[in-house]
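Colleague: Input structure: entry-v4.cif, which contains mmCIF, C-alpha atoms.
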```
data_entry
loop_
_atom_site.label_atom_id
_atom_site.label_comp_id
_atom_site.auth_asym_id
_atom_site.auth_seq_id
_atom_site.Cartn_x
_atom_site.Cartn_y
_atom_site.Cartn_z
CA MET A 1 -15.29 50.41 17.95
CA HIS A 2 -14.96 46.71 18.66
CA ASP A 3 -17.43 44.69 16.64
CA PRO A 4 -16.33 41.18 15.69
CA ASP A 5 -19.10 41.21 13.07
CA ALA A 6 -17.93 44.40 11.34
CA SER A 7 -16.99 42.79 8.02
CA LEU A 8 -20.31 40.93 7.87
CA ARG A 9 -22.31 44.12 8.52
CA LEU A 10 -20.43 46.00 5.82
CA ALA A 11 -21.02 43.16 3.34
CA ALA A 12 -24.72 43.08 4.24
CA PHE A 13 -25.15 46.83 3.74
CA GLU A 14 -23.30 46.73 0.41
CA ARG A 15 -25.51 43.91 -0.87
CA LEU A 16 -28.65 45.78 0.18
CA ARG A 17 -27.53 48.83 -1.80
CA MET A 18 -27.10 46.61 -4.85
CA LEU A 19 -30.52 44.99 -4.36
CA LYS A 20 -32.19 48.40 -4.15
CA THR A 21 -30.71 49.36 -7.54
CA ILE A 22 -32.24 46.18 -8.99
CA HIS A 23 -35.63 46.07 -7.27
CA GLY A 24 -36.23 49.65 -6.21
CA SER A 25 -36.96 50.92 -2.74
CA ALA A 26 -38.96 47.90 -1.52
CA LEU A 27 -37.40 44.46 -1.76
CA PRO A 28 -39.32 41.23 -2.34
CA TRP A 29 -38.82 38.58 0.31
CA SER A 30 -37.32 36.31 -2.37
CA ALA A 31 -34.38 38.73 -2.75
CA ILE A 32 -33.89 39.06 1.01
CA ALA A 33 -34.08 35.29 1.47
CA GLU A 34 -31.08 34.81 -0.84
CA GLY A 35 -28.86 36.49 1.75
CA PHE A 36 -25.41 37.83 0.97
CA VAL A 37 -21.83 36.62 0.61
CA CYS A 38 -18.97 37.61 2.90
CA GLY A 39 -15.67 36.02 1.92
CA THR A 40 -16.58 32.40 1.23
CA GLU A 41 -19.64 32.38 3.52
CA GLN A 42 -23.28 32.61 2.46
CA VAL A 43 -25.06 34.58 5.18
CA ARG A 44 -28.77 35.15 5.80
CA PHE A 45 -30.24 38.64 6.16
CA ALA A 46 -33.32 37.63 8.12
CA SER A 47 -35.63 34.77 9.03
CA ALA A 48 -39.17 34.27 7.76
CA ALA A 49 -40.24 33.02 11.20
CA GLN A 50 -38.36 35.44 13.47
CA GLY A 51 -38.59 39.19 13.83
CA ILE A 52 -35.20 39.56 15.58
CA PHE A 53 -32.43 37.77 13.72
CA LYS A 54 -28.80 36.84 14.30
CA PRO A 55 -27.10 34.79 11.57
CA ALA A 56 -25.16 31.73 12.68
CA GLN A 57 -21.91 33.43 11.58
CA MET A 58 -22.44 36.49 13.81
CA ARG A 59 -22.26 37.19 17.52
CA GLY A 60 -24.71 40.09 17.48
CA VAL A 61 -28.08 40.82 15.92
CA LEU A 62 -28.10 41.79 12.24
CA SER A 63 -31.73 42.65 11.57
CA VAL A 64 -35.24 43.15 12.86
CA LYS A 65 -38.39 42.81 10.80
CA THR A 66 -42.06 43.70 10.79
CA VAL A 67 -44.43 42.26 8.22
CA VAL A 68 -47.73 43.06 6.56
CA PRO A 69 -49.69 39.81 6.86
CA LYS A 70 -51.57 38.44 3.89
CA PRO A 71 -55.36 38.75 4.16
CA GLY A 72 -56.40 36.06 6.62
CA GLY A 73 -52.78 35.34 7.52
CA ARG A 74 -51.62 34.55 11.03
CA VAL A 75 -50.28 37.43 13.12
CA TRP A 76 -47.21 36.54 15.18
CA TYR A 77 -46.21 39.93 16.59
CA HIS A 78 -48.49 42.86 17.36
CA ASP A 79 -46.02 45.01 15.39
CA GLN A 80 -47.59 43.46 12.29
CA LEU A 81 -50.80 45.37 12.95
CA GLU A 82 -49.44 48.50 14.60
CA SER A 83 -46.41 49.51 12.54
CA ASP A 84 -48.30 52.06 10.41
CA ALA A 85 -49.89 53.69 13.46
CA LYS A 86 -46.51 53.88 15.18
CA LEU A 87 -44.94 55.39 12.08
CA ALA A 88 -47.57 58.13 11.86
CA THR A 89 -46.91 59.35 15.41
CA ALA A 90 -43.12 58.88 15.49
CA THR A 91 -40.99 62.02 15.73
CA ASP A 92 -37.39 60.89 16.24
CA THR A 93 -37.36 57.11 16.75
CA LEU A 94 -39.37 54.04 15.74
CA ALA A 95 -40.78 51.72 18.41
CA TYR A 96 -40.19 48.01 17.98
CA ALA A 97 -41.80 45.39 20.21
CA PHE A 98 -39.96 42.70 22.10
CA LYS A 99 -40.58 39.09 21.24
CA GLY A 100 -43.25 37.99 23.72
CA THR A 101 -43.41 39.28 27.29
CA ASN A 102 -40.08 38.12 28.69
CA PRO A 103 -37.38 40.80 28.44
CA ASP A 104 -34.76 38.13 29.11
CA ASP A 105 -35.70 36.08 26.08
CA PRO A 106 -32.44 35.52 24.15
CA GLN A 107 -33.73 37.46 21.14
CA ASN A 108 -34.68 40.45 23.29
CA ARG A 109 -31.25 40.35 24.94
CA LEU A 110 -29.73 40.60 21.46
CA LEU A 111 -31.39 44.00 21.16
CA ARG A 112 -29.88 45.06 24.48
CA GLY A 113 -26.50 43.95 23.18
CA ALA A 114 -27.01 46.02 20.03
CA MET A 115 -27.70 49.11 22.14
CA ASP A 116 -24.72 48.55 24.43
CA GLY A 117 -22.43 47.81 21.49
CA ARG A 118 -23.73 50.74 19.38
CA LEU A 119 -24.22 48.26 16.55
CA PRO A 120 -25.58 49.32 13.14
CA ILE A 121 -28.40 46.95 12.18
CA ILE A 122 -31.06 46.61 9.46
CA TYR A 123 -34.77 47.22 9.94
CA PHE A 124 -36.78 45.35 7.31
CA TYR A 125 -40.03 47.32 7.46
CA GLY A 126 -42.97 45.51 5.87
CA VAL A 127 -44.72 47.72 3.33
CA ALA A 128 -46.94 45.03 1.75
CA PRO A 129 -47.30 41.25 1.99
CA GLY A 130 -43.90 39.87 1.01
CA ALA A 131 -42.30 43.30 0.45
CA TYR A 132 -39.89 45.12 2.75
CA GLU A 133 -38.18 48.50 2.85
CA PRO A 134 -34.69 48.04 4.34
CA ILE A 135 -33.82 50.88 6.70
CA PHE A 136 -30.11 50.91 7.43
CA PRO A 137 -28.05 51.72 9.30
CA THR A 138 -30.46 51.67 12.23
CA TYR A 139 -29.49 51.73 15.90
CA VAL A 140 -31.13 50.56 19.11
CA VAL A 141 -31.04 53.72 21.23
CA ASP A 142 -33.34 52.64 24.08
CA TRP A 143 -34.17 49.22 25.57
CA ASN A 144 -37.26 49.38 27.77
CA PRO A 145 -38.29 46.17 29.56
CA SER A 146 -41.28 47.84 31.26
CA ASP A 147 -42.80 48.71 27.86
CA LEU A 148 -41.50 45.51 26.24
CA SER A 149 -40.02 47.52 23.41
CA VAL A 150 -36.96 49.24 22.05
CA LYS A 151 -36.51 52.49 20.18
CA LEU A 152 -34.82 52.34 16.80
CA ALA A 153 -33.09 55.34 15.25
CA PRO A 154 -32.13 55.40 11.56
CA LYS A 155 -29.12 57.43 10.50
CA PRO A 156 -29.27 59.62 7.38
CA VAL A 157 -25.70 59.11 6.14
CA ALA A 158 -22.92 56.99 7.58
CA ASP A 159 -19.50 56.21 6.17
CA GLN A 160 -17.38 53.43 7.58
CA ALA A 161 -15.65 55.77 10.02
CA THR A 162 -18.96 56.81 11.65
CA LEU A 163 -20.98 53.64 11.14
CA TRP A 164 -20.61 52.59 14.79
CA MET A 165 -21.74 56.00 16.06
CA PRO A 166 -25.51 56.23 16.71
CA PRO A 167 -27.14 59.47 15.51
CA GLY A 168 -27.73 62.45 17.76
CA VAL A 169 -31.23 63.78 18.41
CA GLU A 170 -31.25 66.24 15.49
CA GLU A 171 -29.87 63.57 13.16
CA GLN A 172 -32.59 61.19 14.34
CA ARG A 173 -35.36 63.67 13.57
CA TYR A 174 -33.95 64.51 10.16
CA ALA A 175 -33.47 60.85 9.26
CA LEU A 176 -36.92 59.87 10.46
CA ARG A 177 -38.59 62.55 8.35
CA GLN A 178 -36.85 61.08 5.30
CA VAL A 179 -37.72 57.52 6.29
CA LYS A 180 -41.39 58.33 6.91
CA GLN A 181 -41.75 59.97 3.51
CA ARG A 182 -40.07 57.03 1.80
CA LEU A 183 -42.11 54.45 3.70
CA HIS A 184 -45.41 56.17 2.92
CA GLN A 185 -44.57 56.20 -0.78
CA SER A 186 -43.28 52.65 -0.77
CA SER A 187 -46.19 51.27 1.26
CA PHE A 188 -48.70 52.96 -1.02
CA ARG A 189 -47.11 51.62 -4.17
CA GLU A 190 -46.62 48.07 -2.95
CA ARG A 191 -50.09 47.73 -1.48
CA VAL A 192 -51.86 49.19 -4.49
CA VAL A 193 -49.87 47.03 -6.90
CA ALA A 194 -50.59 43.95 -4.75
CA ALA A 195 -54.32 44.77 -4.71
CA TYR A 196 -54.32 44.69 -8.54
CA GLU A 197 -52.21 41.51 -8.55
CA GLY A 198 -49.34 43.34 -10.24
CA ARG A 199 -51.27 44.26 -13.39
CA CYS A 200 -52.06 47.62 -14.94
CA ALA A 201 -55.77 48.24 -14.43
CA LEU A 202 -56.08 49.73 -17.91
CA SER A 203 -53.95 47.51 -20.16
CA GLY A 204 -53.37 44.39 -18.09
CA LEU A 205 -49.57 44.75 -18.35
CA PRO A 206 -48.16 42.29 -15.72
CA GLU A 207 -44.54 43.48 -15.39
CA LEU A 208 -43.93 44.76 -11.85
CA ARG A 209 -41.05 46.99 -12.92
CA LEU A 210 -43.28 48.80 -15.40
CA VAL A 211 -46.29 49.54 -13.18
CA ASP A 212 -46.91 52.27 -10.61
CA ALA A 213 -49.50 53.22 -8.04
CA ALA A 214 -51.31 56.26 -9.42
CA HIS A 215 -52.97 58.59 -6.92
CA ILE A 216 -56.60 59.36 -7.72
CA ILE A 217 -56.45 62.48 -5.56
CA PRO A 218 -52.87 63.86 -5.41
CA ASP A 219 -51.05 63.55 -2.09
CA SER A 220 -50.85 67.35 -1.94
CA ASP A 221 -54.53 67.24 -0.87
CA GLU A 222 -54.30 66.77 2.91
CA GLU A 223 -57.91 65.62 3.29
CA LEU A 224 -58.35 63.11 0.45
CA GLY A 225 -54.82 62.53 -0.84
CA GLN A 226 -53.71 60.07 1.83
CA PRO A 227 -51.68 56.97 0.83
CA ASP A 228 -54.77 54.79 1.12
CA ILE A 229 -55.24 51.78 -1.18
CA ARG A 230 -58.66 53.16 -2.20
CA ASN A 231 -56.95 56.35 -3.38
CA GLY A 232 -54.81 54.39 -5.82
CA ILE A 233 -55.02 52.53 -9.12
CA CYS A 234 -52.28 50.31 -10.53
CA MET A 235 -51.20 51.65 -13.92
CA SER A 236 -48.33 51.18 -16.32
CA LYS A 237 -45.85 54.05 -16.23
CA LEU A 238 -47.20 55.33 -19.56
CA HIS A 239 -50.83 55.33 -18.44
CA HIS A 240 -49.85 56.79 -15.06
CA ALA A 241 -48.18 59.74 -16.78
CA ALA A 242 -51.21 60.26 -19.02
CA TYR A 243 -53.57 60.06 -16.03
CA ASP A 244 -51.54 62.58 -14.04
CA ALA A 245 -51.62 64.92 -17.06
CA ASP A 246 -55.43 64.53 -17.40
CA LEU A 247 -55.01 62.98 -20.83
CA ILE A 248 -56.79 59.88 -19.51
CA GLY A 249 -59.78 59.97 -17.17
CA ILE A 250 -61.66 57.32 -15.21
CA ASP A 251 -65.26 58.00 -14.23
CA PRO A 252 -67.07 56.68 -11.11
CA ASP A 253 -68.36 53.74 -13.18
CA HIS A 254 -64.72 52.78 -13.76
CA ARG A 255 -64.95 53.59 -17.46
CA ILE A 256 -61.93 54.96 -19.33
CA HIS A 257 -62.07 58.30 -21.15
CA ILE A 258 -59.44 59.70 -23.50
CA SER A 259 -58.87 63.43 -23.97
CA GLU A 260 -59.74 65.01 -27.31
CA ARG A 261 -56.13 66.09 -27.61
CA LEU A 262 -55.01 62.46 -27.81
CA LEU A 263 -57.96 61.33 -29.91
CA GLU A 264 -57.02 63.87 -32.57
CA LEU A 265 -53.47 62.53 -32.79
CA HIS A 266 -52.59 59.77 -35.25
CA ASP A 267 -49.47 57.71 -34.76
CA GLY A 268 -48.32 54.11 -34.34
CA PRO A 269 -49.86 51.18 -32.47
CA MET A 270 -48.76 52.41 -29.03
CA LEU A 271 -51.06 55.41 -29.30
CA GLU A 272 -53.81 53.80 -31.38
CA LEU A 273 -54.11 50.54 -29.43
CA GLY A 274 -52.32 51.24 -26.17
CA ILE A 275 -54.19 54.46 -25.35
CA LYS A 276 -56.93 55.45 -27.79
CA GLY A 277 -58.15 51.86 -28.03
CA LEU A 278 -58.97 51.90 -24.31
CA LYS A 279 -61.74 54.48 -24.73
CA GLY A 280 -64.99 53.22 -23.22
CA GLN A 281 -63.47 50.16 -21.60
CA VAL A 282 -63.88 49.41 -17.89
CA ILE A 283 -60.72 49.11 -15.82
CA ARG A 284 -59.76 45.85 -14.12
CA LEU A 285 -60.64 46.01 -10.42
CA PRO A 286 -59.35 44.27 -7.28
CA ARG A 287 -61.41 41.29 -6.22
CA GLU A 288 -62.17 42.61 -2.74
CA ASP A 289 -64.54 45.56 -2.39
CA GLN A 290 -62.44 47.24 0.31
CA LEU A 291 -59.54 47.50 -2.15
CA LYS A 292 -61.50 49.04 -5.02
CA PRO A 293 -61.16 52.76 -5.88
CA ASP A 294 -63.17 55.15 -3.72
CA LEU A 295 -66.10 56.43 -5.78
CA GLU A 296 -66.08 59.90 -4.21
CA ARG A 297 -62.44 60.37 -5.11
CA LEU A 298 -63.03 59.04 -8.63
CA ALA A 299 -65.88 61.51 -9.13
CA LEU A 300 -63.80 64.47 -7.94
CA ARG A 301 -60.86 63.50 -10.10
CA PHE A 302 -63.07 62.92 -13.15
CA GLU A 303 -64.42 66.45 -12.81
CA ARG A 304 -60.84 67.69 -13.04
CA PHE A 305 -60.31 65.59 -16.19
CA LYS A 306 -63.45 67.02 -17.84
CA LYS A 307 -62.36 70.58 -17.13
CA ALA A 308 -58.90 69.92 -18.53
CA ALA A 309 -60.28 68.13 -21.56
#
```
Could you quickly redo this structure as C-alpha cells?
Modeller:
Amino acid sequence: MHDPDASLRLAAFERLRMLKTIHGSALPWSAIAEGFVCGTEQVRFASAAQGIFKPAQMRGVLSVKTVVPKPGGRVWYHDQLESDAKLATATDTLAYAFKGTNPDDPQNRLLRGAMDGRLPIIYFYGVAPGAYEPIFPTYVVDWNPSDLSVKLAPKPVADQATLWMPPGVEEQRYALRQVKQRLHQSSFRERVVAAYEGRCALSGLPELRLVDAAHIIPDSDEELGQPDIRNGICMSKLHHAAYDADLIGIDPDHRIHISERLLELHDGPMLELGIKGLKGQVIRLPREDQLKPDLERLALRFERFKKAA
C-alpha cells in the first residue's frame, strides 16, 4: 500500500465514528461541514457544491456524495433523483454517476485514481434533505466511461492492515445487504421526521434526539409496510413504544385513542398529561398532502388497536 493520504483517511474515518455516536446513523450536514482535524490541519469531509471531493490537503479523492433535494430545490446530478431506485436493484455494488458527460473531467479522473490506487473513500448517501448516511470504507471497483458511472463497493469490516484491500465479491454482497437495510431504516426515519418538521405528531416535542419514525403498518408486511413517508408518523420515543404496543391508536380521522389499560392506570403527570391527556386530540400533520399518513394504512392499523384494546 502506498497512499500519501493514509493518515488523513484514518483521521477522517475515526471522526466519522465519533460523529455517529453523537448524532446516530444519519449525520446532519452541519456536522459534516465542520470537517475533521489531522495533526494541526483542519480538513473538509465534503463540499456542498460538489459530489466528488478532494480536500486541498490530499492528493486523492476522499468522498462522494448524493443528496435528497429540498422540495422545489435545484437538481445538480441525476443521482439526486435516482439513488433510491439504484439502491433497490443493487446486489453487490452501488452505481455512482460521473460529473457531467466528460469522463476526462478532473473530478471523474479522481474516481479512476481511487480505483487504480485501491483507495478507501467515504460515500455520503443522502437520506433526507440535509442528512447523510456515511458509508465507509467504500471502494471504486469499476470505472466505466461508456456508462458515465463507477461502481462503489462498501466493505463490512476493515482494520488498518486491510483498509487498502477492496472487498471480494462475497464480501461485497454481504456488506451491501447490511448497507441497504441500514439505508432503508435511516431514510425512512429522516424523511418522516423532516415531514413533521422534527416534532412529535402527538405531543409536539421538538427534540430530534427524542423522536422516531413510527411505522403505521410494520415493515414485516411486504405489501403495505414499505419505508414510505405515508406509512410513517413522527412520534416521541415514549409514544412510539406505546403505539407499537397498541396502547395508543390513531384512527383515519387522525384522532388519538388511548387503551382502557392505560386509562385505568393512575400515576404522575407523564401518564396523566403526556398520554391520557391526549385522548380525543387530533395529531399534528405535515403541511403537504403527499406527506400525510395514508388513510388505508391508518384504518387497518386502527382495527388492530381496537382488537388489542
Colleague: Can you list what the PyMOL selection byres ((chain A and resi 7) around 12) grabs from this structure, as a list in words?
Modeller: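 Going through the file, the PyMOL selection byres ((chain A and resi 7) around 12) ends up selecting His2, Asp3, Pro4, Asp5, Ala6, Leu8, Arg9, Leu10, Ala11, Ala12, Phe13, Glu14, Val37, Cys38, Gly39, Glu41, Val43, Gln57, Met58, Leu62, Pro120, Gln160 and Leu163 of chain A.
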Colleague: Could you work out how far CA of Arg177 in chain A lies from CA of Phe36 in chain A, giving the answer in Å with one decimal?
Modeller: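 Answer for the CA of Phe36 in chain A to CA of Arg177 in chain A separation: 29.0 Å.
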Colleague: Please build the interface table for range 3-101 of chain A against range 201-215 of chain A with a cut-off of 10 Å, listing for each qualifying residue the nearest atom pair and the distance in Å to one decimal; count all atoms listed in the file, order rows by chain and increasing number, and write it as a tab-separated table.
Modeller:
```
residue	atom	partner	partner_atom	distance
A:Ile22	CA	A:Arg209	CA	9.7
A:His23	CA	A:Arg209	CA	7.9
A:Gly24	CA	A:Arg209	CA	8.7
```
Colleague: Measure the distance from CA of Thr40 in chain A to CA of Leu19 in chain A in Å and round it to one decimal.
Modeller: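 Rounded to one decimal, the two atoms are 19.6 Å apart.
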Colleague: Just the residues within 8 Å of Ala309 in chain A, please, counting all atoms listed in the file, with nothing from its chain fewer than 5 positions along; format it as a short mmCIF file (atom, residue, chain, number, x, y, z; two decimals) with C-alpha atoms, in the coordinates of the input.
Modeller:
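Result saved to out-v1.cif:
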```cif
data_model
loop_
_atom_site.label_atom_id
_atom_site.label_comp_id
_atom_site.auth_asym_id
_atom_site.auth_seq_id
_atom_site.Cartn_x
_atom_site.Cartn_y
_atom_site.Cartn_z
CA ASP A 246 -55.43 64.53 -17.40
CA LEU A 247 -55.01 62.98 -20.83
CA SER A 259 -58.87 63.43 -23.97
CA GLU A 260 -59.74 65.01 -27.31
CA ARG A 261 -56.13 66.09 -27.61
#
```
Colleague: Could you check how far CA of Trp29 in chain A sits from CA of Pro154 in chain A, in Å to one decimal?
Modeller: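 Computing the Euclidean distance for CA of Trp29 in chain A and CA of Pro154 in chain A yields 21.3 Å.
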Colleague: Can you check which parts of range 282-302 of chain A lie within 7 Å of range 225-230 of chain A? Per residue, the shortest pair of atoms and distance in Å to one decimal, counting only C-alpha atoms, sorted by chain and number, as a Markdown table.
Modeller:
```
| residue | atom | partner | partner_atom | distance |
| --- | --- | --- | --- | --- |
| A:Leu291 | CA | A:Arg230 | CA | 5.7 |
| A:Lys292 | CA | A:Arg230 | CA | 5.7 |
| A:Pro293 | CA | A:Arg230 | CA | 4.5 |
| A:Asp294 | CA | A:Arg230 | CA | 5.2 |
```
Colleague: Which residue gives the smallest distance to Ala194 in chain A among A:Ile248, A:Leu295, A:Met18, A:Ala128, with only C-alpha atoms counted?
Modeller: A:Ala128
Colleague: For each of A:Gly168, A:Pro218, A:Pro286, A:Gly100, take the minimum atom-to-atom distance to Gly51 in chain A, counting all atoms listed in the file, then give the residue where this is smallest.
Modeller: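 When distances to Gly51 in chain A are compared using all atoms listed in the file, the smallest one comes from A:Gly100.
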Colleague: Rank A:Leu148, A:Thr91, A:Lys237, A:Asp105 by their smallest atom-to-atom distance to Gln178 in chain A, using all atoms listed in the file, and report the top residue only.
Modeller: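 Checking each candidate against Gln178 in chain A, we get A:Thr91 as the closest.
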Colleague: For this file, the PyMOL selection byres ((chain A and resi 48) around 10) selects which residues, as an mmCIF file with C-alpha atoms, in the frame of the given file?
Modeller:
```
data_model
loop_
_atom_site.group_PDB
_atom_site.id
_atom_site.type_symbol
_atom_site.label_atom_id
_atom_site.label_comp_id
_atom_site.auth_asym_id
_atom_site.auth_seq_id
_atom_site.Cartn_x
_atom_site.Cartn_y
_atom_site.Cartn_z
ATOM 1 C CA TRP A 29 -38.820 38.580 0.310
ATOM 2 C CA ILE A 32 -33.890 39.060 1.010
ATOM 3 C CA ALA A 33 -34.080 35.290 1.470
ATOM 4 C CA ALA A 46 -33.320 37.630 8.120
ATOM 5 C CA SER A 47 -35.630 34.770 9.030
ATOM 6 C CA ALA A 49 -40.240 33.020 11.200
ATOM 7 C CA GLN A 50 -38.360 35.440 13.470
ATOM 8 C CA GLY A 51 -38.590 39.190 13.830
ATOM 9 C CA PHE A 53 -32.430 37.770 13.720
ATOM 10 C CA LYS A 65 -38.390 42.810 10.800
ATOM 11 C CA VAL A 67 -44.430 42.260 8.220
ATOM 12 C CA GLY A 130 -43.900 39.870 1.010
#
```
Colleague: On this structure, which residues satisfy the PyMOL selection byres ((chain A and resi 108) around 10), written as a VMD selection string?
Modeller: chain A and resid 52 61 97 to 107 109 to 113 143 145 148 to 150
Colleague: Which residues, protein or nucleic acid, reach to within 8 Å of (-30.0, 58.4, 21.8) in the file's coordinates when using only C-alpha atoms, and can you give that as a PDB file with C-alpha atoms, keeping the file's coordinate frame?
Modeller:
```
ATOM      1  CA  VAL A 141     -31.040  53.720  21.230  1.00  0.00           C
ATOM      2  CA  ASP A 142     -33.340  52.640  24.080  1.00  0.00           C
ATOM      3  CA  ALA A 153     -33.090  55.340  15.250  1.00  0.00           C
ATOM      4  CA  PRO A 166     -25.510  56.230  16.710  1.00  0.00           C
ATOM      5  CA  PRO A 167     -27.140  59.470  15.510  1.00  0.00           C
ATOM      6  CA  GLY A 168     -27.730  62.450  17.760  1.00  0.00           C
ATOM      7  CA  VAL A 169     -31.230  63.780  18.410  1.00  0.00           C
TER       8      VAL A 169
END
```
Colleague: Set the distance at 10 Å and use all atoms listed in the file: which residues neighbour Gly277 in chain A once local chain neighbours fewer than 5 positions away are removed? I'd like the list as a count of residues only.
Modeller: 8
Colleague: Which residues are close to Leu94 in chain A, i.e. within 8 Å by all atoms listed in the file, leaving aside same-chain residues fewer than 5 positions away? Reply as a tab-separated table (two decimals) with C-alpha atoms, in the coordinates of the input.
Modeller:
```tsv
chain	number	residue	atom	x	y	z
A	86	LYS	CA	-46.51	53.88	15.18
A	87	LEU	CA	-44.94	55.39	12.08
A	151	LYS	CA	-36.51	52.49	20.18
A	152	LEU	CA	-34.82	52.34	16.80
A	153	ALA	CA	-33.09	55.34	15.25
```
Colleague: Between A:Pro55, A:Gly268, A:Pro69, A:Pro156, which one has atoms that come closest to Glu170 in chain A, using all atoms listed in the file?
Modeller: A:Pro156
Colleague: Please write as a PyMOL selection string the list of polymer residues whose atoms come within 7 Å of (-23.9, 50.1, 19.1), counting only C-alpha atoms and keeping to the coordinates of the file.
Modeller: chain A and resi 114-120+139+164-166
